[in-house]
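A.B. asks: Structure supplied as entry_9.cif; contents: mmCIF, C-alpha atoms.
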data_model
#
loop_
_atom_site.label_atom_id
_atom_site.label_comp_id
_atom_site.auth_asym_id
_atom_site.auth_seq_id
_atom_site.Cartn_x
_atom_site.Cartn_y
_atom_site.Cartn_z
CA GLU Y 54 29.41 -10.12 21.93
CA ALA Y 55 27.88 -10.82 18.53
CA GLY Y 56 28.46 -8.24 15.83
CA VAL Y 57 26.06 -6.79 13.30
CA VAL Y 58 24.48 -9.57 11.25
CA GLN Y 59 23.40 -9.11 7.66
CA SER Y 60 21.80 -11.41 5.13
CA PRO Y 61 22.08 -12.42 2.44
CA ARG Y 62 25.81 -11.88 1.88
CA TYR Y 63 25.41 -11.99 -1.89
CA LYS Y 64 22.43 -11.43 -4.19
CA ILE Y 65 22.20 -11.57 -7.96
CA ILE Y 66 18.98 -10.41 -9.60
CA GLU Y 67 17.74 -9.20 -12.94
CA LYS Y 68 16.85 -5.54 -13.38
CA LYS Y 69 13.29 -4.57 -12.49
CA GLN Y 70 13.10 -7.33 -9.88
CA PRO Y 71 12.60 -6.51 -6.19
CA VAL Y 72 15.24 -7.30 -3.55
CA ALA Y 73 15.40 -7.06 0.23
CA PHE Y 74 18.26 -6.98 2.71
CA TRP Y 75 18.04 -7.79 6.40
CA CYS Y 76 20.08 -6.49 9.33
CA ASN Y 77 20.25 -7.41 13.01
CA PRO Y 78 22.23 -4.82 15.01
CA ILE Y 79 24.43 -5.35 18.06
CA SER Y 80 22.28 -5.99 21.10
CA GLY Y 81 21.51 -2.77 22.98
CA HIS Y 82 22.36 -0.48 20.06
CA ASN Y 83 19.43 1.86 19.51
CA THR Y 84 20.79 3.55 16.39
CA LEU Y 85 20.88 1.66 13.10
CA TYR Y 86 22.27 2.84 9.75
CA TRP Y 87 22.09 1.65 6.18
CA TYR Y 88 25.00 2.62 3.92
CA LEU Y 89 25.70 2.19 0.23
CA GLN Y 90 29.27 1.48 -0.86
CA ASN Y 91 30.22 1.70 -4.51
CA LEU Y 92 33.39 0.04 -5.74
CA GLY Y 93 36.52 1.96 -4.73
CA GLN Y 94 34.65 4.44 -2.54
CA GLY Y 95 33.81 4.93 1.09
CA PRO Y 96 30.33 4.15 2.44
CA GLU Y 97 27.58 6.75 2.04
CA LEU Y 98 24.62 6.99 4.40
CA LEU Y 99 21.19 6.05 3.07
CA ILE Y 100 19.09 6.14 6.23
CA ARG Y 101 19.49 6.37 10.02
CA TYR Y 102 17.08 5.01 12.63
CA GLU Y 103 16.78 5.95 16.27
CA ASN Y 104 14.81 3.01 17.66
CA GLU Y 105 11.81 2.70 15.26
CA GLU Y 106 12.02 6.24 13.90
CA ALA Y 107 13.81 7.13 10.67
CA VAL Y 108 15.53 10.37 11.74
CA ASP Y 109 17.57 10.93 8.59
CA ASP Y 110 16.42 9.53 5.24
CA SER Y 111 17.46 12.48 3.12
CA GLN Y 112 19.85 10.36 1.01
CA LEU Y 113 17.40 7.50 0.42
CA PRO Y 114 16.01 7.42 -3.15
CA LYS Y 115 12.41 7.10 -2.08
CA ASP Y 116 11.02 6.33 -5.51
CA ARG Y 117 12.45 2.83 -5.38
CA PHE Y 118 14.05 2.36 -1.95
CA SER Y 119 12.21 1.76 1.30
CA ALA Y 120 13.27 0.70 4.76
CA GLU Y 121 11.65 -0.29 7.99
CA ARG Y 122 12.71 -1.06 11.53
CA LEU Y 123 9.75 -2.62 13.27
CA LYS Y 124 10.07 -2.98 17.07
CA GLY Y 125 13.31 -1.00 17.00
CA VAL Y 126 15.63 -3.96 16.49
CA ASP Y 127 15.93 -5.69 13.10
CA SER Y 128 15.71 -3.68 9.92
CA THR Y 129 14.93 -4.39 6.28
CA LEU Y 130 16.02 -2.36 3.26
CA LYS Y 131 14.11 -2.94 0.02
CA ILE Y 132 14.64 -1.92 -3.59
CA GLN Y 133 11.75 -2.18 -6.03
CA PRO Y 134 12.37 -2.24 -8.91
CA ALA Y 135 16.14 -2.68 -9.01
CA GLU Y 136 18.18 -0.91 -11.68
CA LEU Y 137 21.61 -1.72 -13.08
CA GLY Y 138 23.12 1.22 -11.17
CA ASP Y 139 22.03 -0.28 -7.86
CA SER Y 140 24.82 -2.85 -8.04
CA ALA Y 141 26.91 -2.13 -4.94
CA VAL Y 142 27.55 -3.28 -1.39
CA TYR Y 143 24.83 -2.45 1.13
CA LEU Y 144 26.20 -2.09 4.65
CA CYS Y 145 24.33 -2.00 7.93
CA ALA Y 146 25.87 -0.41 11.03
CA SER Y 147 24.75 0.20 14.59
CA SER Y 148 25.86 2.36 17.48
CA GLN Y 149 25.07 2.88 21.12
CA ARG Y 150 25.84 6.58 21.12
CA THR Y 151 27.13 9.25 18.80
CA GLY Y 152 30.52 8.39 17.39
CA ALA Y 153 31.65 4.82 17.01
CA GLN Y 154 29.60 2.88 14.47
CA TYR Y 155 30.03 -0.86 14.02
CA PHE Y 156 29.47 -2.38 10.61
CA GLY Y 157 28.17 -5.72 9.42
CA PRO Y 158 29.79 -7.73 6.60
CA GLY Y 159 27.50 -6.20 3.96
CA THR Y 160 25.35 -7.56 1.15
CA ARG Y 161 26.91 -7.50 -2.29
CA LEU Y 162 24.17 -6.85 -4.85
CA THR Y 163 24.62 -7.52 -8.55
CA VAL Y 164 21.86 -6.38 -10.92
CA LEU Y 165 22.01 -7.95 -14.38
CA GLY Z 269 28.04 12.52 -1.88
CA GLN Z 270 30.64 14.39 0.16
CA GLN Z 271 33.86 12.52 0.90
CA LEU Z 272 36.95 13.51 2.81
CA ASN Z 273 40.36 13.81 1.14
CA GLN Z 274 42.54 10.91 2.17
CA SER Z 275 46.17 10.43 1.19
CA PRO Z 276 47.99 8.62 -0.10
CA GLN Z 277 45.55 6.75 -2.34
CA SER Z 278 47.70 3.65 -2.19
CA MET Z 279 50.90 2.47 -0.55
CA PHE Z 280 53.22 -0.42 -1.38
CA ILE Z 281 55.61 -1.12 1.47
CA GLN Z 282 57.87 -3.85 2.76
CA GLU Z 283 57.04 -5.83 5.86
CA GLY Z 284 58.48 -4.14 8.94
CA GLU Z 285 58.19 -0.60 7.60
CA ASP Z 286 56.14 2.10 9.28
CA VAL Z 287 53.11 3.60 7.51
CA SER Z 288 51.53 7.05 7.73
CA MET Z 289 48.30 8.24 6.17
CA ASN Z 290 46.13 11.29 6.70
CA CYS Z 291 42.70 12.67 6.14
CA THR Z 292 41.63 16.29 5.63
CA SER Z 293 38.30 18.07 5.61
CA SER Z 294 37.07 21.52 4.68
CA SER Z 295 34.77 21.38 7.71
CA ILE Z 296 35.57 20.89 11.38
CA PHE Z 297 34.61 17.64 13.07
CA ASN Z 298 33.98 16.58 16.67
CA THR Z 299 34.69 12.93 15.99
CA TRP Z 300 37.27 11.16 13.85
CA LEU Z 301 37.15 7.41 13.28
CA TRP Z 302 39.55 5.11 11.48
CA TYR Z 303 38.36 1.86 9.88
CA LYS Z 304 40.03 -1.04 8.02
CA GLN Z 305 38.16 -2.95 5.35
CA ASP Z 306 39.23 -6.32 3.96
CA PRO Z 307 37.91 -7.56 0.59
CA GLY Z 308 34.33 -8.79 0.85
CA GLU Z 309 33.92 -7.58 4.43
CA GLY Z 310 32.52 -4.57 6.19
CA PRO Z 311 34.69 -1.81 7.72
CA VAL Z 312 36.14 -2.69 11.12
CA LEU Z 313 36.62 0.10 13.65
CA LEU Z 314 40.28 0.60 14.60
CA ILE Z 315 40.42 3.83 16.60
CA ALA Z 316 37.91 6.49 17.69
CA LEU Z 317 38.97 10.07 18.51
CA TYR Z 318 36.69 12.57 20.26
CA LYS Z 319 38.88 15.53 21.23
CA ALA Z 320 41.12 17.94 19.30
CA GLY Z 321 44.76 17.06 19.86
CA GLU Z 322 43.91 13.60 21.15
CA LEU Z 323 46.49 10.89 20.46
CA THR Z 324 45.24 7.29 20.81
CA SER Z 325 46.96 3.96 20.28
CA ASN Z 326 45.62 0.50 19.56
CA GLY Z 327 48.54 -1.95 19.46
CA ARG Z 328 50.77 -0.96 16.56
CA LEU Z 329 48.28 1.68 15.40
CA THR Z 330 48.34 5.30 16.54
CA ALA Z 331 45.91 7.99 15.46
CA GLN Z 332 45.69 11.69 16.18
CA PHE Z 333 42.84 14.20 16.09
CA GLY Z 334 44.29 17.34 14.48
CA ILE Z 335 44.36 20.56 16.48
CA THR Z 336 42.46 22.41 13.76
CA ARG Z 337 39.74 19.70 13.93
CA LYS Z 338 39.96 19.48 10.15
CA ASP Z 339 42.41 16.61 9.89
CA SER Z 340 43.48 13.31 11.37
CA PHE Z 341 46.45 11.00 11.00
CA LEU Z 342 46.93 7.24 11.30
CA ASN Z 343 50.30 5.58 11.77
CA ILE Z 344 51.05 1.86 11.65
CA SER Z 345 54.36 0.74 13.05
CA ALA Z 346 56.31 -2.36 11.98
CA SER Z 347 53.81 -3.43 9.31
CA ILE Z 348 52.93 -7.10 8.88
CA PRO Z 349 51.20 -8.95 6.00
CA SER Z 350 47.80 -8.91 7.72
CA ASP Z 351 47.82 -5.09 7.65
CA VAL Z 352 46.91 -5.34 3.96
CA GLY Z 353 43.55 -3.74 3.21
CA ILE Z 354 41.82 -0.43 2.68
CA TYR Z 355 41.91 2.14 5.47
CA PHE Z 356 39.11 4.68 5.72
CA CYS Z 357 38.86 7.76 7.87
CA ALA Z 358 35.44 9.09 8.84
CA GLY Z 359 34.35 12.31 10.53
CA ASP Z 360 31.23 13.60 12.22
CA TYR Z 361 30.11 16.94 13.64
CA ASN Z 362 27.37 16.09 16.11
CA THR Z 363 25.06 14.98 13.32
CA ASP Z 364 25.58 11.25 13.83
CA LYS Z 365 26.18 11.17 10.06
CA LEU Z 366 29.64 9.90 9.23
CA ILE Z 367 31.42 11.34 6.21
CA PHE Z 368 33.99 8.87 4.89
CA GLY Z 369 37.32 9.41 3.21
CA THR Z 370 38.25 8.07 -0.18
CA GLY Z 371 40.39 5.32 1.35
CA THR Z 372 44.06 4.36 1.39
CA ARG Z 373 44.90 0.98 -0.10
CA LEU Z 374 47.82 -0.66 1.71
CA GLN Z 375 49.86 -3.48 0.25
CA VAL Z 376 52.61 -5.12 2.32
CA PHE Z 377 55.30 -7.23 0.67
CA PRO Z 378 57.31 -9.82 2.62
#
Now, as a test, write the supplied structure out as structure tokens.

C.D. replies:
Amino acid sequence: EAGVVQSPRYKIIEKKQPVAFWCNPISGHNTLYWYLQNLGQGPELLIRYENEEAVDDSQLPKDRFSAERLKGVDSTLKIQPAELGDSAVYLCASSQRTGAQYFGPGTRLTVL
Amino acid sequence: GQQLNQSPQSMFIQEGEDVSMNCTSSSIFNTWLWYKQDPGEGPVLLIALYKAGELTSNGRLTAQFGITRKDSFLNISASIPSDVGIYFCAGDYNTDKLIFGTGTRLQVFP
């Protein structure tokens, strides 16, 4: 069974530029999560989707971050414009039910 | 954001030794998960616990869901070089929102 797929794996951009990350969850997993992981810390939830609906986006900085999950499968997370403090690893995870979440390899973003 | 207290922060052990780490919370949880993260990769699920007092093994790994529901423990027996990495605990109370620990960095020397 294929795991969670994310792309790109690495992205380097200049501040004020836009950037987008893509995630394909494990087949059959209705719940999709985007996490932010700063260096030396555990992941922190940004947004959770149940199928197409964003059911928890309370931690998403909505002034510059947006996300979508059209058709309830793939998802895209966007930052516009990026700031220096956005440099981090962006992780996507999916689950079939409450509890076990399975993570992708992450996208490492560097903002210069 | 909120993070669970995980200890120790780091461990330096010799190959073959056993390892113990724990995670504590000020809130009760219904689910405890343990993950391992290698450099440049995402966290990989090791063990999932869903019931207070539950003891679950996965090969050389054993984890327990504390009776108080506010803590969990992970033990690794007979460590090997590939056990090197960062171990994270994570808890959830029916919100489907995992709260992660601060991580335990494990280094194994031959």

A.B. asks: Of the residues Z:Trp302, Z:Gln375, Z:Gly369, Z:Glu309, which is the one nearest to Asn326 of chain Z, using all atoms listed in the file?

C.D. replies: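 Closest to Asn326 of chain Z of all the choices is Z:Trp302.
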
A.B. asks: Atom CA of Ser147 of chain Y to atom CA of Tyr303 of chain Z: how many Å, to one decimal?

C.D. replies: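 Taking atom CA of Ser147 of chain Y and atom CA of Tyr303 of chain Z, their separation equals 14.5 Å.
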
A.B. asks: At a cut-off of 8 Å, list the chain Y residues touching chain Z, using all atoms listed in the file, as a PyMOL selection string.

C.D. replies: chain Y and resi 93-98+144+151-159

A.B. asks: Excluding Gln70 of chain Y and any residue of its chain fewer than 2 positions from it, enumerate the residues within 8 Å of it, using only C-alpha atoms, and give them as a PyMOL selection string.

C.D. replies: chain Y and resi 66-68+72+133-135

A.B. asks: If I take atom CA of Thr324 of chain Z and atom CA of Gln274 of chain Z, how far is one from the other in Å, to one decimal?

C.D. replies: 19.2 Å

A.B. asks: Atom CA of Arg328 of chain Z to atom CA of Ile344 of chain Z: how many Å, to one decimal?

C.D. replies: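 Between atom CA of Arg328 of chain Z and atom CA of Ile344 of chain Z the gap is 5.7 Å.
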
A.B. asks: Which neighbours of segment 104-121 of chain Y fall inside 10 Å, counting all atoms listed in the file, when residues of the same chain fewer than 3 positions from it are skipped, and could you give them as a PyMOL selection string?

C.D. replies: (chain Y and resi 71-75+82-89+97-101+124-136) or (chain Z and resi 269+363-365)

A.B. asks: Taking the file above as input, evaluate the PyMOL selection byres ((chain Y and resi 161) around 9) and report the hits as a VMD selection string.

C.D. replies: (chain Y and resid 61 to 65 140 to 144 159 to 160 162 to 163) or (chain Z and resid 308)

A.B. asks: Write out the residues from the selection above, keeping C-alpha atoms, as a PDB file, in the frame of the given file.

C.D. replies:
ATOM      1  CA  PRO Y  61      22.080 -12.420   2.440  1.00  0.00           C
ATOM      2  CA  ARG Y  62      25.810 -11.880   1.880  1.00  0.00           C
ATOM      3  CA  TYR Y  63      25.410 -11.990  -1.890  1.00  0.00           C
ATOM      4  CA  LYS Y  64      22.430 -11.430  -4.190  1.00  0.00           C
ATOM      5  CA  ILE Y  65      22.200 -11.570  -7.960  1.00  0.00           C
ATOM      6  CA  SER Y 140      24.820  -2.850  -8.040  1.00  0.00           C
ATOM      7  CA  ALA Y 141      26.910  -2.130  -4.940  1.00  0.00           C
ATOM      8  CA  VAL Y 142      27.550  -3.280  -1.390  1.00  0.00           C
ATOM      9  CA  TYR Y 143      24.830  -2.450   1.130  1.00  0.00           C
ATOM     10  CA  LEU Y 144      26.200  -2.090   4.650  1.00  0.00           C
ATOM     11  CA  GLY Y 159      27.500  -6.200   3.960  1.00  0.00           C
ATOM     12  CA  THR Y 160      25.350  -7.560   1.150  1.00  0.00           C
ATOM     13  CA  LEU Y 162      24.170  -6.850  -4.850  1.00  0.00           C
ATOM     14  CA  THR Y 163      24.620  -7.520  -8.550  1.00  0.00           C
TER      15      THR Y 163
ATOM     16  CA  GLY Z 308      34.330  -8.790   0.850  1.00  0.00           C
TER      17      GLY Z 308
END

A.B. asks: Counting only C-alpha atoms, which of Z:Thr330, Z:Ser294, Z:Gln277, Z:Ser325 gets nearest to Asn343 of chain Z?

C.D. replies: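 Among Z:Thr330, Z:Ser294, Z:Gln277, Z:Ser325, it is Z:Thr330 that comes nearest to Asn343 of chain Z.
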